[in-house]
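Next comes final.txt, with compact mmCIF, C-alpha atoms.
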```
# COMPACT_ATOMS: atom_id res chain seq x y z
CA MET S 1 3.68 -18.36 -17.48
CA HIS S 2 1.11 -16.72 -15.20
CA MET S 3 3.09 -15.10 -12.38
CA LEU S 4 0.70 -12.56 -10.95
CA ASN S 5 -2.83 -11.94 -9.72
CA VAL S 6 -4.12 -8.43 -9.08
CA SER S 7 -6.81 -7.08 -6.75
CA ILE S 8 -8.51 -3.70 -6.88
CA VAL S 9 -11.02 -2.61 -4.23
CA LEU S 10 -13.81 -0.41 -5.56
CA TYR S 11 -15.87 2.17 -3.72
CA LYS S 12 -17.93 4.34 -6.06
CA SER S 13 -14.94 4.13 -8.39
CA PRO S 14 -15.17 5.72 -11.87
CA PHE S 15 -15.82 2.94 -14.38
CA ASP S 16 -13.71 4.51 -17.14
CA GLN S 17 -10.70 4.80 -14.84
CA VAL S 18 -10.82 1.17 -13.76
CA GLU S 19 -11.65 -0.06 -17.26
CA GLN S 20 -8.46 1.60 -18.51
CA MET S 21 -6.39 -0.02 -15.77
CA VAL S 22 -7.83 -3.45 -16.54
CA LYS S 23 -7.04 -2.93 -20.23
CA ILE S 24 -3.40 -2.10 -19.40
CA LEU S 25 -3.08 -5.04 -16.98
CA ARG S 26 -4.43 -7.39 -19.65
CA GLN S 27 -1.61 -6.31 -21.97
CA CYS S 28 0.83 -8.13 -19.68
CA SER S 29 1.10 -11.89 -20.24
CA LEU S 30 2.29 -12.37 -16.64
CA VAL S 31 -1.12 -11.34 -15.25
CA HIS S 32 -3.64 -14.11 -14.61
CA ASP S 33 -6.66 -13.19 -12.47
CA ILE S 34 -7.77 -9.61 -11.85
CA PHE S 35 -10.13 -9.33 -8.88
CA LEU S 36 -12.49 -6.37 -8.57
CA VAL S 37 -13.89 -6.40 -5.04
CA ASP S 38 -16.70 -3.87 -4.82
CA ASN S 39 -17.49 -2.19 -1.49
CA SER S 40 -19.89 0.30 -3.09
CA PRO S 41 -23.46 0.71 -1.78
CA SER S 42 -24.87 -0.32 -5.16
CA SER S 43 -23.58 -2.40 -8.04
CA ASP S 44 -22.93 -1.36 -11.64
CA ALA S 45 -23.61 -4.00 -14.29
CA ARG S 46 -20.74 -2.66 -16.39
CA TRP S 47 -18.18 -4.22 -14.05
CA THR S 48 -19.31 -7.68 -15.15
CA THR S 49 -18.43 -6.86 -18.77
CA LEU S 50 -14.72 -6.57 -17.97
CA PRO S 51 -12.28 -9.55 -18.16
CA VAL S 52 -12.07 -9.81 -14.38
CA ARG S 53 -13.43 -11.75 -11.40
CA TYR S 54 -15.98 -9.33 -9.94
CA GLU S 55 -17.41 -9.58 -6.42
CA PHE S 56 -20.05 -7.20 -5.09
CA ASN S 57 -20.21 -7.06 -1.29
CA ASN S 58 -23.39 -4.95 -0.98
CA ARG S 59 -21.67 -2.94 1.78
CA ASN S 60 -18.32 -1.45 2.68
CA ILE S 61 -16.45 -4.26 4.45
CA GLY S 62 -13.20 -2.29 4.61
CA TYR S 63 -10.13 -2.00 2.43
CA GLY S 64 -7.97 -4.76 3.90
CA THR S 65 -10.87 -7.17 4.36
CA ALA S 66 -11.88 -6.75 0.72
CA HIS S 67 -8.34 -7.34 -0.55
CA ASN S 68 -8.07 -10.39 1.71
CA ARG S 69 -10.92 -12.04 -0.19
CA ALA S 70 -8.85 -11.88 -3.36
CA LEU S 71 -5.61 -12.77 -1.60
CA ARG S 72 -7.11 -15.96 -0.18
CA GLU S 73 -8.10 -17.03 -3.68
CA THR S 74 -4.56 -16.39 -4.92
CA LEU S 75 -3.06 -18.37 -2.03
CA LYS S 76 -5.14 -21.40 -3.04
CA SER S 77 -3.25 -21.46 -6.35
CA ASP S 78 0.43 -21.73 -7.28
CA THR S 79 0.56 -18.11 -8.49
CA PRO S 80 3.76 -16.71 -6.91
CA TYR S 81 2.84 -13.01 -6.72
CA HIS S 82 -0.15 -10.82 -5.95
CA LEU S 83 -0.47 -7.09 -6.59
CA VAL S 84 -2.65 -4.93 -4.33
CA ILE S 85 -3.31 -1.73 -6.25
CA ASN S 86 -5.52 1.35 -5.93
CA PRO S 87 -7.95 2.18 -8.74
CA ASP S 88 -6.45 5.67 -9.14
CA ILE S 89 -3.09 4.42 -10.46
CA GLN S 90 -1.71 4.92 -13.96
CA LEU S 91 1.03 2.59 -15.17
CA ASP S 92 2.68 0.91 -18.13
CA SER S 93 2.25 -2.89 -18.22
CA ALA S 94 5.94 -3.25 -19.14
CA ILE S 95 6.94 -2.53 -15.53
CA PHE S 96 5.86 -6.02 -14.47
CA ASP S 97 8.57 -7.74 -16.49
CA ASP S 98 11.17 -5.71 -14.58
CA ILE S 99 9.52 -6.19 -11.19
CA VAL S 100 9.06 -9.96 -11.56
CA ALA S 101 12.66 -10.36 -12.76
CA PHE S 102 13.86 -8.49 -9.67
CA MET S 103 11.66 -10.56 -7.33
CA GLU S 104 12.80 -13.82 -8.94
CA ALA S 105 16.44 -12.81 -8.50
CA ASN S 106 15.93 -11.68 -4.88
CA LYS S 107 14.07 -14.37 -3.00
CA ASP S 108 14.41 -12.53 0.31
CA VAL S 109 12.14 -9.71 -0.90
CA GLY S 110 8.58 -10.09 0.36
CA LEU S 111 7.11 -6.76 -0.79
CA LEU S 112 8.01 -4.19 -3.42
CA MET S 113 6.82 -0.65 -4.19
CA PRO S 114 8.00 1.38 -7.23
CA LYS S 115 8.72 5.10 -7.42
CA VAL S 116 5.43 7.04 -7.34
CA PHE S 117 4.65 10.42 -8.88
CA TYR S 118 1.71 12.81 -8.82
CA PRO S 119 0.07 13.46 -12.21
CA ASP S 120 1.95 16.78 -12.40
CA GLY S 121 5.30 15.01 -12.11
CA ARG S 122 6.06 15.72 -8.46
CA LEU S 123 7.52 12.87 -6.43
CA GLN S 124 5.35 11.28 -3.73
CA HIS S 125 7.35 10.62 -0.56
CA LEU S 126 5.87 7.22 0.24
CA CYS S 127 8.92 5.63 1.87
CA LYS S 128 8.43 6.21 5.58
CA LEU S 129 9.59 5.23 9.01
CA LEU S 130 7.22 3.36 11.30
CA PRO S 131 5.05 6.13 12.74
CA THR S 132 4.90 7.41 16.27
CA PRO S 133 1.66 8.99 17.54
CA TRP S 134 3.35 12.38 17.09
CA ASP S 135 4.07 11.63 13.41
CA LEU S 136 0.43 10.91 12.59
CA PHE S 137 -1.61 13.01 14.99
CA GLY S 138 0.77 15.96 15.24
CA ARG S 139 0.72 16.73 11.54
CA ARG S 140 -3.08 16.67 11.44
CA PHE S 141 -3.83 18.87 14.43
CA LEU S 142 -0.75 21.01 15.19
CA PRO S 143 0.76 23.97 13.30
CA ARG S 144 3.27 23.00 10.64
CA CYS S 145 5.97 25.04 12.34
CA LEU S 146 5.88 22.57 15.24
CA THR S 147 5.90 19.40 13.16
CA ALA S 148 7.92 20.21 10.01
CA ARG S 149 11.20 18.75 11.27
CA SER S 150 9.70 15.50 12.56
CA GLN S 151 7.63 15.12 9.39
CA ARG S 152 10.72 15.51 7.24
CA ARG S 153 12.36 12.71 9.19
CA PHE S 154 9.24 10.48 9.18
CA GLU S 155 8.78 10.83 5.39
CA LEU S 156 12.53 10.44 4.74
CA ARG S 157 12.56 13.67 2.77
CA ASP S 158 16.36 13.84 2.80
CA PHE S 159 16.62 10.53 0.93
CA ASP S 160 16.94 11.07 -2.84
CA TYR S 161 14.54 8.24 -3.83
CA ASN S 162 16.94 7.01 -6.50
CA ARG S 163 18.29 3.78 -5.03
CA ILE S 164 16.90 0.43 -3.98
CA VAL S 165 16.40 0.39 -0.21
CA ASN S 166 14.73 -1.70 2.48
CA ILE S 167 11.95 0.40 4.07
CA PRO S 168 9.68 -0.61 7.01
CA TYR S 169 6.58 1.30 5.83
CA LEU S 170 5.55 1.36 2.16
CA SER S 171 2.32 2.76 0.77
CA GLY S 172 -0.68 0.53 0.14
CA CYS S 173 -1.37 2.17 -3.21
CA PHE S 174 0.85 -0.44 -4.95
CA MET S 175 1.98 -3.49 -2.95
CA PHE S 176 3.68 -6.18 -5.03
CA LEU S 177 3.57 -9.17 -2.68
CA ARG S 178 5.30 -12.55 -2.69
CA CYS S 179 2.65 -15.13 -1.87
CA ASP S 180 5.01 -17.34 0.16
CA THR S 181 5.59 -14.32 2.38
CA LEU S 182 1.87 -13.96 3.07
CA ARG S 183 1.65 -17.64 4.00
CA THR S 184 4.14 -16.86 6.77
CA THR S 185 3.09 -13.39 7.92
CA GLY S 186 -0.66 -13.53 7.29
CA LEU S 187 -2.85 -11.14 5.32
CA PHE S 188 -4.19 -7.66 6.12
CA ASP S 189 -5.31 -7.28 9.73
CA GLU S 190 -9.09 -6.97 9.43
CA ARG S 191 -9.36 -4.98 12.65
CA PHE S 192 -8.36 -1.99 10.54
CA PHE S 193 -11.24 -0.76 8.39
CA MET S 194 -9.05 1.70 6.47
CA TYR S 195 -5.71 3.54 6.54
CA PRO S 196 -3.16 1.74 8.79
CA GLU S 197 -3.49 -1.68 7.15
CA ASP S 198 -0.52 -0.98 4.86
CA ILE S 199 1.67 0.13 7.79
CA ASP S 200 0.77 -3.01 9.71
CA LEU S 201 1.33 -5.45 6.84
CA THR S 202 4.60 -3.87 5.69
CA ARG S 203 5.85 -3.97 9.27
CA ARG S 204 5.00 -7.65 9.73
CA ILE S 205 6.66 -8.56 6.44
CA HIS S 206 9.69 -6.37 7.23
CA ARG S 207 10.41 -8.48 10.32
CA GLN S 208 11.38 -11.51 8.20
CA TRP S 209 11.79 -10.29 4.62
CA ARG S 210 13.06 -7.24 2.80
CA THR S 211 10.37 -4.68 1.94
CA ILE S 212 11.84 -2.88 -1.02
CA PHE S 213 11.46 0.53 -2.59
CA TYR S 214 12.32 -0.09 -6.25
CA PRO S 215 12.88 3.16 -8.18
CA LYS S 216 13.85 1.56 -11.50
CA VAL S 217 10.19 1.64 -12.52
CA SER S 218 7.52 4.22 -11.70
CA ILE S 219 3.77 4.78 -11.59
CA ILE S 220 1.41 7.74 -11.29
CA HIS S 221 -0.92 7.95 -8.28
CA HIS S 222 -3.71 10.51 -8.12
CA HIS S 223 -3.72 10.24 -4.30
CA GLU S 224 -7.05 11.65 -3.15
CA GLN S 225 -6.16 11.98 0.58
CA GLY S 226 -9.87 11.71 1.37
CA SER S 227 -9.51 12.11 5.14
CA TYR S 228 -8.13 15.62 4.60
CA LYS S 229 -11.33 16.64 2.83
CA ASN S 230 -14.06 14.60 4.50
CA ARG S 231 -14.89 14.76 8.23
CA HIS S 232 -16.36 11.24 8.25
CA LEU S 233 -13.19 9.79 6.70
CA LEU S 234 -11.12 11.76 9.20
CA MET S 235 -12.95 10.05 12.08
CA ILE S 236 -12.40 6.64 10.44
CA HIS S 237 -8.71 7.51 10.12
CA ILE S 238 -8.41 8.53 13.78
CA ILE S 239 -10.27 5.46 15.09
CA ASN S 240 -8.14 3.07 13.07
CA MET S 241 -4.88 4.75 14.01
CA ILE S 242 -5.88 4.36 17.66
CA ARG S 243 -6.36 0.65 16.96
CA TYR S 244 -2.94 0.52 15.31
CA PHE S 245 -1.17 2.06 18.31
CA ASN S 246 -3.18 -0.10 20.71
CA LYS S 247 -1.78 -3.11 18.83
CA TRP S 248 1.87 -2.04 18.49
CA GLY S 249 2.36 0.42 21.33
CA TRP S 250 2.01 4.14 21.79
CA LEU S 251 5.14 5.49 23.48
CA CYS S 252 6.86 2.19 24.28
CA ASP S 253 7.58 0.35 21.02
CA LYS S 254 11.15 -0.96 21.07
CA GLU S 255 10.82 -2.70 17.72
CA ARG S 256 9.73 0.55 16.08
CA ALA S 257 12.75 2.36 17.49
CA THR S 258 15.11 -0.38 16.34
CA LEU S 259 13.72 -0.69 12.81
CA ASN S 260 13.58 3.07 12.32
CA GLN S 261 17.18 3.48 13.43
CA GLN S 262 18.28 0.69 11.09
CA THR S 263 16.53 2.52 8.23
CA LEU S 264 18.14 5.86 9.05
CA ASN S 265 21.56 4.20 9.26
CA GLN S 266 21.01 2.50 5.89
CA LEU S 267 20.20 5.87 4.31
CA ASN S 268 22.98 7.71 6.17
CA LEU S 269 20.43 9.99 7.81
CA LYS S 270 20.35 11.22 11.40
```

Turn the structure described in the file into structure tokens.
Amino acid sequence: MHMLNVSIVLYKSPFDQVEQMVKILRQCSLVHDIFLVDNSPSSDARWTTLPVRYEFNNRNIGYGTAHNRALRETLKSDTPYHLVINPDIQLDSAIFDDIVAFMEANKDVGLLMPKVFYPDGRLQHLCKLLPTPWDLFGRRFLPRCLTARSQRRFELRDFDYNRIVNIPYLSGCFMFLRCDTLRTTGLFDERFFMYPEDIDLTRRIHRQWRTIFYPKVSIIHHHEQGSYKNRHLLMIHIINMIRYFNKWGWLCDKERATLNQQTLNQLNLK
């Protein structure tokens, strides 16, 4: 039975890298449609040779907006799950049997993220609290000595990442989504061109469903962190984080405080 559609947003993405991912995804009988939504400035005819549904936008319409095009197609069908995944992920197709079994047994889970490692084997700390302006702007522009303690708390560094937990902010690199959840909460907020769309969507889902970190399976994420290397991407990041805090609140965000405290209590952290 087809249980899952997948969408990958491209922007000057290496063909060989994505081709390998498509090959691995096609090894899983649960996967139905694979959408490649291309935000690159020019098209590459090789994409059309892959067993996917390819869409070239002729411009960069934004990360969330591009994924939404695929998500809307999935929501027209009876496919129960949709995976939003970055092109720089390495995985084994066998993980989907485990993930789908968990989702089928836990109908209150709207979103799932596995354990994520760097290529060198280091753990990526991608379970986070809902951010305050200090969490996001402080670490970019202030000395580490001033922000280390708050960053450790924000990134839940004292959590061992070895048990299933309900987390309010999960990374957008791998979002395994229940389609019925999206019909209730809506899709990515298209006001965000890049960066905070995963915070916003996880938060909206977390209000009504569990958003689960699932460490029984793992993936590898190359994690470019482009805004740390590119001044243009840094400006995009700043602009979109301003939009995020304009939406949810800068200093006064009672829901953020409540959800973050619930998470810390769950993990037995201060």

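Checking S:Pro196, S:Pro133, S:Pro114, S:Gly121 one by one against S:Met175, counting all atoms listed in the file, you find the shortest gap at S:Pro114.
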
Task: atom CA of S:Asn240 to atom CA of S:Ile212, distance in Å rounded to a single decimal - done: 25.2 Å

Task: Between atom CA of S:Ile89 and atom CA of S:Arg157, distance in Å (one decimal) - done: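 Between these atoms lies a distance of 22.5 Å.
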
Open item on the list: Applying 7 Å and all atoms listed in the file, which residues near S:Pro119 remain after dropping the ones on its own chain fewer than 3 positions away? List them as a PyMOL selection string.
Closed with: chain S and resi 220-222

Open item on the list: Applying 12 Å and all atoms listed in the file, which residues near stretch 59-63 of chain S remain after dropping the ones on its own chain fewer than 6 positions away? List them as a PyMOL selection string.
Closed with: chain S and resi 7-12+37-43+69-70+84-86+172-173+188-198+236+240

Can you spit out the residues from that selection as a short mmCIF file (atom, residue, chain, number, x, y, z; two decimals), in the frame of the given file, using C-alpha atoms?
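Okay, out.cif is ready:
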```cif
data_model
loop_
_atom_site.label_atom_id
_atom_site.label_comp_id
_atom_site.auth_asym_id
_atom_site.auth_seq_id
_atom_site.Cartn_x
_atom_site.Cartn_y
_atom_site.Cartn_z
CA SER S 7 -6.81 -7.08 -6.75
CA ILE S 8 -8.51 -3.70 -6.88
CA VAL S 9 -11.02 -2.61 -4.23
CA LEU S 10 -13.81 -0.41 -5.56
CA TYR S 11 -15.87 2.17 -3.72
CA LYS S 12 -17.93 4.34 -6.06
CA VAL S 37 -13.89 -6.40 -5.04
CA ASP S 38 -16.70 -3.87 -4.82
CA ASN S 39 -17.49 -2.19 -1.49
CA SER S 40 -19.89 0.30 -3.09
CA PRO S 41 -23.46 0.71 -1.78
CA SER S 42 -24.87 -0.32 -5.16
CA SER S 43 -23.58 -2.40 -8.04
CA ARG S 69 -10.92 -12.04 -0.19
CA ALA S 70 -8.85 -11.88 -3.36
CA VAL S 84 -2.65 -4.93 -4.33
CA ILE S 85 -3.31 -1.73 -6.25
CA ASN S 86 -5.52 1.35 -5.93
CA GLY S 172 -0.68 0.53 0.14
CA CYS S 173 -1.37 2.17 -3.21
CA PHE S 188 -4.19 -7.66 6.12
CA ASP S 189 -5.31 -7.28 9.73
CA GLU S 190 -9.09 -6.97 9.43
CA ARG S 191 -9.36 -4.98 12.65
CA PHE S 192 -8.36 -1.99 10.54
CA PHE S 193 -11.24 -0.76 8.39
CA MET S 194 -9.05 1.70 6.47
CA TYR S 195 -5.71 3.54 6.54
CA PRO S 196 -3.16 1.74 8.79
CA GLU S 197 -3.49 -1.68 7.15
CA ASP S 198 -0.52 -0.98 4.86
CA ILE S 236 -12.40 6.64 10.44
CA ASN S 240 -8.14 3.07 13.07
#
```

Open item on the list: Just to confirm, what's the straight-line distance from atom CA of S:Leu201 to atom CA of S:Asp160 in Å (one decimal)?
Closed with: 24.7 Å

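Shell of S:Asp253 at 9 Å, with only C-alpha atoms counted and residues fewer than 5 places along the chain excluded, is S:Thr132, S:Trp248, S:Thr258.
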
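With all atoms listed in the file taken into account, the protein and nucleic acid residues at most 12 Å from S:Thr49 (excluding it and anything under 4 positions from it in its own chain) are S:Phe15, S:Glu19, S:Val22, S:Leu36, S:Asp44, S:Ala45, S:Arg53, S:Tyr54.
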
Stretch 114-131 of chain S, all listed atoms, 3 Å padding on each side: what axis-aligned box centre and edge lengths in Å to one decimal come out, as JSON?
```
{"center_x": 4.8, "center_y": 9.1, "center_z": 0.2, "size_x": 15.5, "size_y": 21.4, "size_z": 31.1}
```

Open item on the list: Show me, as an MDAnalysis selection string, the residues that have an atom within 12 Å of S:Lys76 when counting all atoms listed in the file, minus same-chain residues fewer than 3 positions from it.
Closed with: chainID S and resid 5 69:73 79:80 179:180 182:183

Would you put the residues from that selection into a file with C-alpha atoms, as a PDB file, in the frame of the given file?
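As a result, again19.pdb now contains:
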```
ATOM      1  CA  ASN S   5      -2.830 -11.940  -9.720  1.00  0.00           C
ATOM      2  CA  ARG S  69     -10.920 -12.040  -0.190  1.00  0.00           C
ATOM      3  CA  ALA S  70      -8.850 -11.880  -3.360  1.00  0.00           C
ATOM      4  CA  LEU S  71      -5.610 -12.770  -1.600  1.00  0.00           C
ATOM      5  CA  ARG S  72      -7.110 -15.960  -0.180  1.00  0.00           C
ATOM      6  CA  GLU S  73      -8.100 -17.030  -3.680  1.00  0.00           C
ATOM      7  CA  THR S  79       0.560 -18.110  -8.490  1.00  0.00           C
ATOM      8  CA  PRO S  80       3.760 -16.710  -6.910  1.00  0.00           C
ATOM      9  CA  CYS S 179       2.650 -15.130  -1.870  1.00  0.00           C
ATOM     10  CA  ASP S 180       5.010 -17.340   0.160  1.00  0.00           C
ATOM     11  CA  LEU S 182       1.870 -13.960   3.070  1.00  0.00           C
ATOM     12  CA  ARG S 183       1.650 -17.640   4.000  1.00  0.00           C
TER      13      ARG S 183
END
```

TODO: May I ask which of the residues S:Asn260, S:Thr48, S:Thr74, S:Gln90 is the closest one to S:Leu4, counting all atoms listed in the file?
DONE: S:Thr74

Task: Among the residues S:Leu269, S:Met3, S:Ile242, S:Leu177, the one that comes closest to S:Asp97 [using only C-alpha atoms] - done: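 For S:Asp97, the nearest of the given residues is S:Met3.
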